[in-house]
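Trainee: Contents of run-v7.cif (mmCIF, C-alpha atoms):
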```cif
data_upload
loop_
_atom_site.label_atom_id
_atom_site.label_comp_id
_atom_site.auth_asym_id
_atom_site.auth_seq_id
_atom_site.Cartn_x
_atom_site.Cartn_y
_atom_site.Cartn_z
CA MET Y 13 -13.58 -23.84 -25.19
CA GLN Y 14 -11.78 -25.61 -22.37
CA TYR Y 15 -10.40 -23.53 -19.46
CA ASP Y 16 -8.55 -24.42 -16.30
CA LEU Y 17 -10.93 -22.36 -14.18
CA ILE Y 18 -14.12 -20.40 -14.82
CA ILE Y 19 -15.41 -17.76 -12.42
CA LYS Y 20 -19.12 -17.88 -13.23
CA ASN Y 21 -22.07 -15.54 -12.74
CA GLY Y 22 -20.22 -12.74 -10.98
CA THR Y 23 -20.62 -8.99 -11.21
CA ILE Y 24 -17.43 -7.91 -12.96
CA VAL Y 25 -16.00 -4.59 -11.78
CA THR Y 26 -13.33 -2.61 -13.59
CA ALA Y 27 -12.16 0.96 -13.05
CA VAL Y 28 -14.75 2.21 -15.57
CA LYS Y 29 -17.66 -0.25 -15.76
CA THR Y 30 -19.67 -2.94 -13.97
CA PHE Y 31 -21.46 -5.83 -15.65
CA LEU Y 32 -22.62 -9.39 -15.11
CA GLY Y 33 -20.25 -11.93 -16.60
CA ASP Y 34 -17.68 -14.67 -16.32
CA VAL Y 35 -13.90 -14.95 -16.30
CA GLY Y 36 -12.14 -17.81 -18.06
CA ILE Y 37 -8.63 -18.67 -16.86
CA SER Y 38 -5.99 -20.78 -18.59
CA ASN Y 39 -2.33 -21.31 -17.70
CA GLY Y 40 -2.44 -18.70 -14.96
CA LYS Y 41 -3.67 -15.99 -17.33
CA ILE Y 42 -7.04 -14.43 -18.03
CA ALA Y 43 -8.23 -15.94 -21.31
CA ALA Y 44 -11.63 -14.24 -21.55
CA THR Y 45 -13.82 -11.83 -19.57
CA GLY Y 46 -17.48 -11.38 -20.40
CA THR Y 47 -20.28 -13.80 -21.16
CA LEU Y 48 -18.74 -17.17 -21.94
CA ASP Y 49 -20.40 -19.60 -24.31
CA PRO Y 50 -22.66 -22.14 -22.55
CA SER Y 51 -20.61 -24.90 -24.18
CA ASP Y 52 -17.38 -23.69 -22.54
CA SER Y 53 -16.07 -26.01 -19.86
CA ALA Y 54 -13.34 -25.98 -17.23
CA ASP Y 55 -11.49 -28.25 -14.88
CA GLU Y 56 -13.13 -26.25 -12.10
CA ILE Y 57 -16.01 -23.78 -11.95
CA TYR Y 58 -16.41 -21.25 -9.13
CA ASP Y 59 -19.89 -19.78 -8.80
CA ALA Y 60 -19.61 -16.07 -7.93
CA ALA Y 61 -23.35 -15.35 -8.08
CA GLY Y 62 -24.23 -12.45 -5.79
CA LYS Y 63 -20.61 -11.40 -5.51
CA HIS Y 64 -18.40 -8.81 -7.22
CA VAL Y 65 -15.29 -9.89 -9.11
CA LEU Y 66 -12.48 -7.32 -8.99
CA PRO Y 67 -9.00 -7.29 -10.51
CA GLY Y 68 -6.61 -8.51 -7.83
CA ILE Y 69 -6.13 -5.82 -5.20
CA ILE Y 70 -2.57 -4.56 -4.90
CA ASP Y 71 -1.14 -3.23 -1.64
CA ALA Y 72 1.84 -1.25 -2.91
CA HIS Y 73 3.11 -0.14 0.50
CA VAL Y 74 3.84 -2.79 3.13
CA HIS Y 75 6.61 -3.42 5.64
CA PHE Y 76 6.95 -7.17 6.12
CA ARG Y 77 10.13 -6.60 8.21
CA ASP Y 78 11.99 -9.43 6.48
CA PRO Y 79 14.97 -9.76 6.82
CA GLY Y 80 16.12 -8.37 10.13
CA PHE Y 81 12.96 -7.84 12.17
CA ILE Y 82 11.09 -11.08 11.67
CA GLU Y 83 9.86 -11.11 15.27
CA LYS Y 84 7.45 -8.41 14.04
CA GLU Y 85 6.46 -9.98 10.69
CA ASP Y 86 7.94 -12.00 7.85
CA PHE Y 87 7.00 -12.79 4.28
CA GLU Y 88 5.14 -15.95 5.27
CA THR Y 89 2.87 -14.43 7.90
CA GLY Y 90 2.56 -11.12 6.06
CA SER Y 91 1.56 -12.75 2.79
CA ILE Y 92 -0.96 -15.03 4.51
CA ALA Y 93 -2.51 -11.98 6.16
CA ALA Y 94 -2.59 -10.24 2.79
CA ALA Y 95 -4.25 -13.20 1.09
CA MET Y 96 -6.84 -13.46 3.85
CA GLY Y 97 -7.55 -9.78 3.32
CA GLY Y 98 -8.09 -10.20 -0.42
CA ILE Y 99 -4.69 -8.85 -1.51
CA THR Y 100 -3.03 -10.61 -4.46
CA LEU Y 101 0.23 -8.62 -4.67
CA VAL Y 102 2.24 -6.53 -2.22
CA ALA Y 103 5.15 -4.14 -2.72
CA ASP Y 104 7.53 -4.28 0.24
CA MET Y 105 9.58 -1.38 1.56
CA PRO Y 106 13.39 -1.40 1.96
CA ASN Y 107 13.88 -0.36 5.62
CA VAL Y 108 14.90 -3.84 6.74
CA ASP Y 109 18.27 -5.17 7.93
CA PRO Y 110 20.32 -5.01 5.85
CA VAL Y 111 18.59 -2.18 4.05
CA THR Y 112 17.68 -2.97 0.44
CA SER Y 113 20.14 -0.53 -1.09
CA THR Y 114 22.49 -2.77 -3.09
CA ALA Y 115 21.98 -5.33 -5.82
CA ASP Y 116 23.30 -8.03 -3.49
CA ALA Y 117 20.92 -7.13 -0.66
CA PHE Y 118 18.04 -6.94 -3.14
CA THR Y 119 18.77 -10.41 -4.55
CA LYS Y 120 19.00 -11.95 -1.08
CA LYS Y 121 15.74 -10.34 0.02
CA ALA Y 122 13.99 -11.49 -3.16
CA GLY Y 123 15.19 -15.02 -2.43
CA ILE Y 124 13.78 -14.88 1.10
CA ALA Y 125 10.45 -13.59 -0.18
CA LYS Y 126 10.25 -16.25 -2.89
CA GLU Y 127 10.85 -18.98 -0.32
CA LYS Y 128 8.12 -17.73 2.02
CA SER Y 129 5.44 -15.75 0.16
CA CYS Y 130 2.11 -17.25 -0.85
CA ILE Y 131 1.23 -14.28 -3.08
CA ASP Y 132 3.14 -12.29 -5.67
CA PHE Y 133 5.41 -9.51 -4.45
CA ALA Y 134 7.44 -6.56 -5.64
CA LEU Y 135 10.34 -4.87 -3.84
CA PHE Y 136 11.39 -1.25 -3.44
CA ALA Y 137 15.05 -0.27 -3.29
CA LEU Y 138 16.39 2.33 -0.87
CA LEU Y 139 18.25 5.45 -1.94
CA ASN Y 140 20.85 6.70 0.55
CA ASN Y 141 24.09 8.63 0.46
CA ASP Y 142 26.16 5.63 -0.62
CA ASN Y 143 24.37 3.81 -3.41
CA THR Y 144 23.95 6.08 -6.43
CA GLY Y 145 26.19 3.68 -8.33
CA GLU Y 146 23.86 0.79 -7.49
CA MET Y 147 20.73 2.24 -9.10
CA ALA Y 148 21.11 0.64 -12.52
CA ALA Y 149 21.83 -2.78 -11.00
CA LEU Y 150 18.86 -2.46 -8.66
CA LYS Y 151 16.62 -1.79 -11.63
CA GLU Y 152 18.14 -4.72 -13.51
CA ASN Y 153 17.50 -7.02 -10.54
CA GLY Y 154 13.83 -6.05 -10.51
CA ALA Y 155 13.28 -3.11 -8.14
CA ILE Y 156 9.77 -1.75 -8.70
CA GLY Y 157 10.85 1.74 -7.65
CA PHE Y 158 13.17 3.67 -5.39
CA LYS Y 159 12.31 4.90 -1.88
CA VAL Y 160 13.69 7.92 -0.04
CA PHE Y 161 12.98 8.44 3.65
CA PHE Y 162 13.01 12.23 3.54
CA GLY Y 163 11.88 12.10 7.16
CA SER Y 164 12.77 9.49 9.79
CA SER Y 165 10.76 6.29 10.17
CA THR Y 166 11.41 2.78 11.46
CA GLY Y 167 15.13 2.16 11.19
CA ASP Y 168 16.11 5.86 11.43
CA ILE Y 169 17.38 5.81 7.86
CA ALA Y 170 19.00 9.07 6.83
CA SER Y 171 17.85 10.84 3.70
CA PRO Y 172 20.49 11.39 1.03
CA SER Y 173 22.12 14.81 1.13
CA MET Y 174 20.64 17.29 -1.32
CA SER Y 175 23.66 17.10 -3.62
CA VAL Y 176 23.43 13.29 -3.73
CA LEU Y 177 19.65 13.30 -4.08
CA THR Y 178 19.90 15.67 -7.05
CA ARG Y 179 22.19 13.18 -8.81
CA GLN Y 180 19.89 10.32 -7.90
CA ILE Y 181 16.87 12.14 -9.28
CA ASP Y 182 18.75 12.70 -12.54
CA GLU Y 183 19.76 9.03 -12.60
CA SER Y 184 16.16 7.96 -12.04
CA VAL Y 185 15.20 9.88 -15.17
CA SER Y 186 17.86 8.05 -17.19
CA LEU Y 187 16.61 4.74 -15.83
CA ASN Y 188 12.91 5.67 -16.28
CA MET Y 189 12.24 4.75 -12.63
CA ARG Y 190 9.89 6.43 -10.18
CA ILE Y 191 11.10 7.61 -6.75
CA GLY Y 192 8.71 7.39 -3.81
CA PHE Y 193 9.17 9.76 -0.87
CA HIS Y 194 8.28 9.57 2.79
CA ALA Y 195 7.81 13.34 2.96
CA GLU Y 196 8.57 14.91 6.34
CA LEU Y 197 11.30 17.24 7.62
CA ASN Y 198 13.27 15.97 10.60
CA ASP Y 199 14.21 19.41 11.93
CA VAL Y 200 10.54 20.46 12.05
CA ASN Y 201 9.55 17.16 13.69
CA GLU Y 202 12.31 17.38 16.29
CA ASN Y 203 11.34 20.92 17.25
CA PHE Y 204 7.64 20.25 17.73
CA THR Y 205 8.20 16.85 19.33
CA SER Y 206 10.45 18.41 21.97
CA ILE Y 207 7.67 20.87 22.83
CA ALA Y 208 5.06 18.10 22.96
CA LYS Y 209 7.21 15.94 25.24
CA LYS Y 210 7.24 18.73 27.82
CA GLU Y 211 3.46 18.62 27.89
CA THR Y 212 2.79 14.86 28.18
CA ASP Y 213 4.46 11.49 28.56
CA SER Y 214 1.47 9.66 27.05
CA PRO Y 215 0.53 11.45 23.85
CA ASP Y 216 -2.98 11.24 22.46
CA GLY Y 217 -3.96 11.88 18.86
CA PHE Y 218 -3.76 15.65 19.29
CA TRP Y 219 -0.17 15.58 20.56
CA LEU Y 220 0.97 13.04 17.96
CA ASP Y 221 -0.40 15.37 15.28
CA TYR Y 222 1.22 18.40 16.95
CA ALA Y 223 4.61 16.66 17.21
CA ARG Y 224 4.85 16.09 13.45
CA PRO Y 225 2.70 18.88 12.04
CA VAL Y 226 1.20 19.37 8.60
CA MET Y 227 3.92 21.95 7.98
CA SER Y 228 6.53 19.16 8.15
CA GLU Y 229 4.78 17.24 5.38
CA VAL Y 230 4.08 20.21 3.13
CA LYS Y 231 7.55 21.77 3.41
CA ALA Y 232 9.13 18.41 2.57
CA MET Y 233 6.83 17.93 -0.41
CA ALA Y 234 7.61 21.42 -1.68
CA ALA Y 235 11.35 20.80 -1.42
CA ILE Y 236 11.07 17.49 -3.27
CA LEU Y 237 8.99 19.07 -6.03
CA ASN Y 238 11.47 21.91 -6.32
CA TYR Y 239 14.30 19.44 -6.92
CA SER Y 240 12.32 17.37 -9.39
CA GLN Y 241 10.20 19.77 -11.43
CA PHE Y 242 12.93 20.73 -13.91
CA SER Y 243 14.34 17.22 -14.28
CA GLY Y 244 11.35 15.39 -15.69
CA ALA Y 245 11.62 12.88 -12.85
CA LYS Y 246 8.79 10.58 -11.89
CA ILE Y 247 7.90 11.35 -8.27
CA HIS Y 248 5.55 9.59 -5.85
CA PHE Y 249 4.39 10.78 -2.44
CA HIS Y 250 3.66 7.97 -0.01
CA HIS Y 251 0.97 8.23 2.70
CA VAL Y 252 -0.14 11.86 2.23
CA THR Y 253 -2.06 12.89 5.35
CA SER Y 254 -3.28 16.44 4.86
CA GLU Y 255 -5.54 18.66 2.80
CA ASP Y 256 -2.57 21.01 2.31
CA GLY Y 257 -0.44 18.19 0.94
CA ALA Y 258 -3.22 17.20 -1.44
CA VAL Y 259 -3.68 20.78 -2.65
CA LEU Y 260 0.06 21.16 -3.25
CA SER Y 261 0.02 17.88 -5.17
CA GLY Y 262 -2.83 19.05 -7.36
CA GLU Y 263 -0.98 22.26 -8.17
CA ALA Y 264 2.16 20.30 -9.06
CA LYS Y 265 0.20 18.08 -11.41
CA GLU Y 266 -1.27 21.14 -13.11
CA LYS Y 267 2.30 22.32 -13.77
CA GLY Y 268 2.98 19.06 -15.61
CA ILE Y 269 5.14 17.41 -12.96
CA ASP Y 270 4.99 13.61 -13.24
CA LEU Y 271 3.64 13.15 -9.73
CA THR Y 272 1.55 10.36 -8.24
CA VAL Y 273 0.00 10.48 -4.79
CA GLU Y 274 -0.96 7.85 -2.23
CA THR Y 275 -2.95 7.90 0.96
CA CYS Y 276 -3.97 5.18 3.41
CA PRO Y 277 -7.25 3.91 4.88
CA HIS Y 278 -6.42 5.12 8.39
CA TYR Y 279 -6.17 8.73 7.19
CA LEU Y 280 -9.60 8.36 5.56
CA VAL Y 281 -11.56 6.78 8.43
CA PHE Y 282 -9.99 8.23 11.60
CA ASN Y 283 -9.19 11.68 12.87
CA CYS Y 284 -6.79 12.69 15.62
CA GLU Y 285 -9.63 13.43 18.07
CA ASP Y 286 -10.80 9.82 18.22
CA TYR Y 287 -7.50 8.11 17.61
CA THR Y 288 -4.73 7.10 20.03
CA HIS Y 289 -2.66 4.58 18.07
CA LYS Y 290 0.77 5.86 17.10
CA VAL Y 291 1.61 6.12 13.42
CA TYR Y 292 3.92 8.41 11.46
CA PRO Y 293 3.06 10.50 9.60
CA PRO Y 294 0.27 11.08 12.12
CA ILE Y 295 -3.48 11.23 11.64
CA ARG Y 296 -4.85 14.76 11.33
CA ASP Y 297 -8.06 16.53 12.31
CA GLU Y 298 -11.40 16.21 10.53
CA SER Y 299 -10.73 19.02 8.07
CA HIS Y 300 -7.77 17.13 6.65
CA ARG Y 301 -9.74 13.90 6.41
CA ASP Y 302 -12.39 15.79 4.43
CA GLY Y 303 -9.65 17.29 2.26
CA LEU Y 304 -8.26 13.86 1.43
CA TRP Y 305 -11.68 12.62 0.36
CA GLU Y 306 -12.05 15.69 -1.84
CA ALA Y 307 -8.66 14.95 -3.39
CA ILE Y 308 -9.77 11.40 -4.13
CA ASN Y 309 -12.91 12.67 -5.82
CA LYS Y 310 -10.82 15.10 -7.92
CA ASN Y 311 -8.33 12.34 -8.91
CA VAL Y 312 -5.49 14.18 -7.18
CA ILE Y 313 -4.89 11.11 -5.02
CA ASP Y 314 -4.02 8.25 -7.35
CA MET Y 315 -3.85 5.21 -5.12
CA ILE Y 316 -4.58 3.73 -1.71
CA ALA Y 317 -2.19 1.46 0.22
CA SER Y 318 -2.17 0.17 3.78
CA ASP Y 319 1.37 1.12 4.92
CA HIS Y 320 1.18 -2.12 6.92
CA ALA Y 321 3.89 -1.64 9.57
CA PRO Y 322 3.57 -4.11 12.45
CA HIS Y 323 5.45 -4.08 15.73
CA LEU Y 324 5.50 -6.38 18.74
CA GLU Y 325 2.33 -6.39 20.78
CA SER Y 326 4.42 -5.55 23.83
CA GLU Y 327 5.81 -2.51 22.04
CA LYS Y 328 2.35 -1.24 21.06
CA SER Y 329 0.64 -1.96 24.38
CA ALA Y 330 0.89 1.64 25.62
CA VAL Y 331 1.31 4.90 23.74
CA THR Y 332 4.41 6.79 24.85
CA TRP Y 333 6.96 8.80 22.91
CA GLU Y 334 9.09 5.63 22.82
CA THR Y 335 6.32 3.46 21.34
CA PRO Y 336 7.30 2.61 17.76
CA ALA Y 337 5.09 4.15 15.11
CA GLY Y 338 3.24 1.94 12.68
CA LEU Y 339 -0.06 0.13 12.16
CA SER Y 340 -1.02 -3.29 10.89
CA GLY Y 341 -3.41 -3.00 7.96
CA VAL Y 342 -2.72 -5.44 5.12
CA GLU Y 343 -5.51 -7.83 6.17
CA THR Y 344 -8.11 -5.17 6.93
CA SER Y 345 -7.59 -2.49 4.27
CA VAL Y 346 -9.87 -4.03 1.65
CA SER Y 347 -12.77 -4.49 4.07
CA VAL Y 348 -12.31 -1.01 5.50
CA MET Y 349 -12.43 0.54 2.02
CA LEU Y 350 -15.35 -1.62 0.86
CA ASP Y 351 -17.20 -0.34 3.91
CA GLN Y 352 -16.51 3.20 2.69
CA VAL Y 353 -17.94 2.19 -0.69
CA ASN Y 354 -21.10 1.01 1.05
CA LYS Y 355 -21.25 4.32 2.91
CA GLY Y 356 -21.16 6.21 -0.39
CA LYS Y 357 -17.73 7.80 -0.01
CA LEU Y 358 -16.57 6.34 -3.34
CA THR Y 359 -17.79 3.83 -5.92
CA LEU Y 360 -16.56 0.30 -6.34
CA ASN Y 361 -15.14 1.35 -9.71
CA ASP Y 362 -13.22 4.12 -7.93
CA TYR Y 363 -11.81 1.59 -5.50
CA VAL Y 364 -10.64 -0.69 -8.31
CA ARG Y 365 -8.89 2.30 -9.87
CA LEU Y 366 -7.24 3.33 -6.60
CA ALA Y 367 -6.26 -0.12 -5.32
CA SER Y 368 -5.61 -2.17 -8.43
CA GLU Y 369 -5.33 -0.39 -11.77
CA MET Y 370 -3.41 2.71 -10.67
CA PRO Y 371 -0.88 0.98 -8.39
CA ALA Y 372 -0.05 -1.30 -11.33
CA LYS Y 373 0.30 1.63 -13.71
CA ILE Y 374 2.28 3.80 -11.28
CA TRP Y 375 4.84 1.09 -10.54
CA GLY Y 376 5.19 -0.21 -14.08
CA ILE Y 377 3.51 -3.62 -13.83
CA TYR Y 378 0.44 -2.85 -15.95
CA PRO Y 379 -1.03 -4.55 -18.01
CA ARG Y 380 0.35 -7.73 -16.43
CA LYS Y 381 -1.38 -6.75 -13.19
CA GLY Y 382 -4.27 -4.46 -12.24
CA ASN Y 383 -6.94 -5.48 -14.77
CA LEU Y 384 -9.14 -8.29 -16.03
CA ASN Y 385 -8.17 -8.10 -19.68
CA ALA Y 386 -7.21 -11.16 -21.70
CA GLY Y 387 -3.50 -11.85 -21.28
CA ALA Y 388 -3.19 -10.37 -17.79
CA ASP Y 389 -2.20 -12.52 -14.85
CA ALA Y 390 -5.30 -14.21 -13.45
CA ASP Y 391 -5.33 -12.24 -10.20
CA LEU Y 392 -8.85 -11.72 -8.82
CA THR Y 393 -10.36 -10.47 -5.59
CA ILE Y 394 -13.95 -11.63 -5.12
CA VAL Y 395 -15.98 -9.66 -2.58
CA ASP Y 396 -19.37 -9.87 -0.91
CA MET Y 397 -20.66 -6.30 -0.62
CA ASN Y 398 -23.58 -7.33 1.60
CA ARG Y 399 -21.69 -9.33 4.19
CA LYS Y 400 -20.88 -7.69 7.51
CA LYS Y 401 -18.34 -8.54 10.18
CA VAL Y 402 -16.64 -7.08 13.22
CA ILE Y 403 -12.86 -6.85 12.83
CA ARG Y 404 -11.13 -8.63 15.70
CA ALA Y 405 -7.40 -8.09 16.13
CA SER Y 406 -7.06 -11.51 17.78
CA GLU Y 407 -8.33 -13.20 14.60
CA LEU Y 408 -5.85 -11.58 12.21
CA HIS Y 409 -3.08 -13.60 10.61
CA SER Y 410 -0.15 -11.22 11.07
CA LYS Y 411 2.51 -12.32 13.51
CA ASN Y 412 1.51 -9.60 15.98
CA LYS Y 413 -2.18 -9.16 16.78
CA THR Y 414 -2.68 -5.41 16.90
CA SER Y 415 -5.05 -3.32 14.80
CA PRO Y 416 -6.45 0.21 14.92
CA TYR Y 417 -9.66 -1.29 13.50
CA ASP Y 418 -10.20 -3.73 16.37
CA GLY Y 419 -13.94 -3.79 17.15
CA MET Y 420 -14.98 -1.91 14.00
CA GLU Y 421 -17.99 -3.29 12.13
CA VAL Y 422 -17.58 -3.23 8.37
CA GLN Y 423 -19.83 -4.14 5.46
CA GLY Y 424 -18.11 -5.51 2.37
CA ILE Y 425 -15.80 -8.49 2.79
CA PRO Y 426 -13.24 -10.12 0.48
CA VAL Y 427 -14.22 -13.78 0.35
CA THR Y 428 -11.88 -15.25 -2.27
CA ALA Y 429 -8.47 -14.31 -3.68
CA ILE Y 430 -6.83 -15.85 -6.74
CA VAL Y 431 -3.19 -15.33 -7.77
CA ARG Y 432 -2.14 -16.41 -11.28
CA GLY Y 433 -5.08 -18.78 -11.46
CA ALA Y 434 -4.56 -20.40 -8.04
CA PHE Y 435 -6.79 -19.91 -5.00
CA VAL Y 436 -4.84 -18.42 -2.10
CA MET Y 437 -8.00 -17.72 -0.09
CA ARG Y 438 -11.26 -19.45 -0.91
CA ASP Y 439 -14.57 -18.67 0.73
CA GLY Y 440 -12.79 -17.21 3.75
CA ILE Y 441 -10.34 -20.09 4.21
CA PHE Y 442 -6.62 -19.84 3.47
CA SER Y 443 -5.77 -22.12 0.56
CA GLY Y 444 -2.39 -20.83 -0.56
CA LYS Y 445 1.03 -22.34 -0.15
CA LYS Y 446 4.36 -21.03 1.02
CA GLY Y 447 6.73 -20.32 -1.84
CA TYR Y 448 4.06 -19.80 -4.52
CA GLY Y 449 4.61 -16.05 -4.87
CA ILE Y 450 7.04 -14.66 -7.43
CA LEU Y 451 8.94 -11.39 -7.81
CA ILE Y 452 7.07 -9.05 -10.16
CA LYS Y 453 9.40 -6.72 -12.02
CA PRO Y 454 8.49 -3.54 -13.88
CA GLN Y 455 7.72 -4.13 -17.54
CA ALA Y 456 9.88 -2.60 -20.23
#
```
Go ahead and express the file in the form of structure tokens.

Mentor:
Amino acid sequence: MQYDLIIKNGTIVTAVKTFLGDVGISNGKIAATGTLDPSDSADEIYDAAGKHVLPGIIDAHVHFRDPGFIEKEDFETGSIAAAMGGITLVADMPNVDPVTSTADAFTKKAGIAKEKSCIDFALFALLNNDNTGEMAALKENGAIGFKVFFGSSTGDIASPSMSVLTRQIDESVSLNMRIGFHAELNDVNENFTSIAKKETDSPDGFWLDYARPVMSEVKAMAAILNYSQFSGAKIHFHHVTSEDGAVLSGEAKEKGIDLTVETCPHYLVFNCEDYTHKVYPPIRDESHRDGLWEAINKNVIDMIASDHAPHLESEKSAVTWETPAGLSGVETSVSVMLDQVNKGKLTLNDYVRLASEMPAKIWGIYPRKGNLNAGADADLTIVDMNRKKVIRASELHSKNKTSPYDGMEVQGIPVTAIVRGAFVMRDGIFSGKKGYGILIKPQA
């Protein structure tokens, strides 16, 4: 059989099994996975001997800041960084300017992303007090899901009032759309932050944790679950940080609530005692890090995403209460998590489930994405589990060169990324092109 591209001699990794084999690609789709016939040929053959071939890794929580804040990042630089980090698809958040809360704003943002992105992308739509009537049109235009900032984040976007949110939750059920929540309570945060500000002008990890405590996360999650549990709504918690939040999530799942849960690499590798970068929700103490790992092992946490949220280097140069919260992570998240695989914290199959298969299933783009089955888009992330490197912020491809992982040695490196049959990063060298990426919409 004739293919466009054959990935030869790799170790194929899915969410459930690992085996030696090949991947045949035709017309941007996976045509065959397994042991190809020796007589099969291709326009191009890539030898993956000694490497692991994964379904394309999905980062379903990024902030590329485009439009409105492109001095921090845009879809061109953000997607290049993603490709260089082994990511083949990103899902971008709606707290831009203008916020992605109307069909018109969504269409304009999708056009900007299509013009600039070198990898495929999906877009979240914001829910606020004014756009309940836009929800059907946002779905029609391709929103992958809705986002509610239940607690403040970049942009200081207000959460819908409870009466409006109740209607929006009901509407999401009618539309069969999932709502993702940034789960914190502003009144709790404001109270504890005011206390912390009296103690220090330059908060360390302890004071950042104190200022937005676990209680803020858990009380918000409980309120959201209370509003959703009798509606049949599909609910997602972004960037869960605490053991308590994970336990509450597990209990909600046992009740039959359609809940999915996300955490981020920085909550899994740092604790507040050794961490001074500012991010919200904040990084907790070691007991919570252990609790998150336990929740991963129990399948309470369904997916991992970077929450890539860059700011100007000048803004992040010193930690004060005025320093904007957010970390760059889209280029480093795969390596950081592969390093955790090498350290025995999870298996490579677990990582494929958490960073490829489940994000695709949660956000309605499976089986087009998130697997290596025949007929799926030919998105692949090829990794070298033996290779080591030291992460250097100055070498990253984001517009602003800051990273909490600066100086960290990791083992396990993405070396090649393929999107719909095209190399966007090959053997560590960017090989994509601006404008190649397309909007990926949820499947019916």

Trainee: Could you tell me which residues the PyMOL selection byres ((chain Y and resi 310-327) around 6) returns for this structure, as a list in words?

Mentor: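 Applied to this file, the PyMOL selection byres ((chain Y and resi 310-327) around 6) selects Asp71, Ala72, His73, Val74, His75, Lys84, Gly262, Val273, Glu274, Thr275, Cys276, Ala307, Ile308, Asn309, Lys328, Ser329, Gly338, Leu339, Ser340, Gly341, Val342, Leu366, Ala367 and Asn412 of chain Y.
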
Trainee: What residues come out when you apply the PyMOL selection byres ((chain Y and resi 181-184) around 12) to this file, written as an MDAnalysis selection string?

Mentor: chainID Y and resid 139:140 143:148 150:151 157:160 172:180 185:193 236:247

Trainee: List every protein, DNA or RNA residue that has at least one atom no more than 9 Å from (-2.5, 19.8, 20.2) in the file's coordinates, counting all atoms listed in the file, and write the result as a short mmCIF file (atom, residue, chain, number, x, y, z; two decimals) with C-alpha atoms, in the coordinates of the input.

Mentor:
```
data_model
loop_
_atom_site.label_atom_id
_atom_site.label_comp_id
_atom_site.auth_asym_id
_atom_site.auth_seq_id
_atom_site.Cartn_x
_atom_site.Cartn_y
_atom_site.Cartn_z
CA ALA Y 208 5.06 18.10 22.96
CA ASP Y 216 -2.98 11.24 22.46
CA GLY Y 217 -3.96 11.88 18.86
CA PHE Y 218 -3.76 15.65 19.29
CA TRP Y 219 -0.17 15.58 20.56
CA LEU Y 220 0.97 13.04 17.96
CA ASP Y 221 -0.40 15.37 15.28
CA TYR Y 222 1.22 18.40 16.95
CA ALA Y 223 4.61 16.66 17.21
#
```

Trainee: Any chance you could work out the residue set of the PyMOL selection byres ((chain Y and resi 85) around 8) here, as number ranges by chain?

Mentor: Y: 76-78, 81-84, 86-87, 89-90, 322-323, 410-412

Trainee: Which of these, Y:Glu255, Y:Asp302, Y:Glu263, Y:Asp439, has the shortest distance to Ala234 in chain Y once you count all atoms listed in the file?

Mentor: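 Once distances to Ala234 in chain Y are computed over all atoms listed in the file, the minimum belongs to Y:Glu263.
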
Trainee: Between CA of Leu135 in chain Y and CA of Asp104 in chain Y, what is the distance, to one decimal in Å?

Mentor: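 Distance between the two atoms: 5.0 Å.
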
Trainee: Excluding Arg365 in chain Y and its own-chain neighbours fewer than 3 positions away, which residues fall within 9 Å of it when counting all atoms listed in the file? Please give them as a PyMOL selection string.

Mentor: chain Y and resi 26-28+314-315+360-362+368-371+382
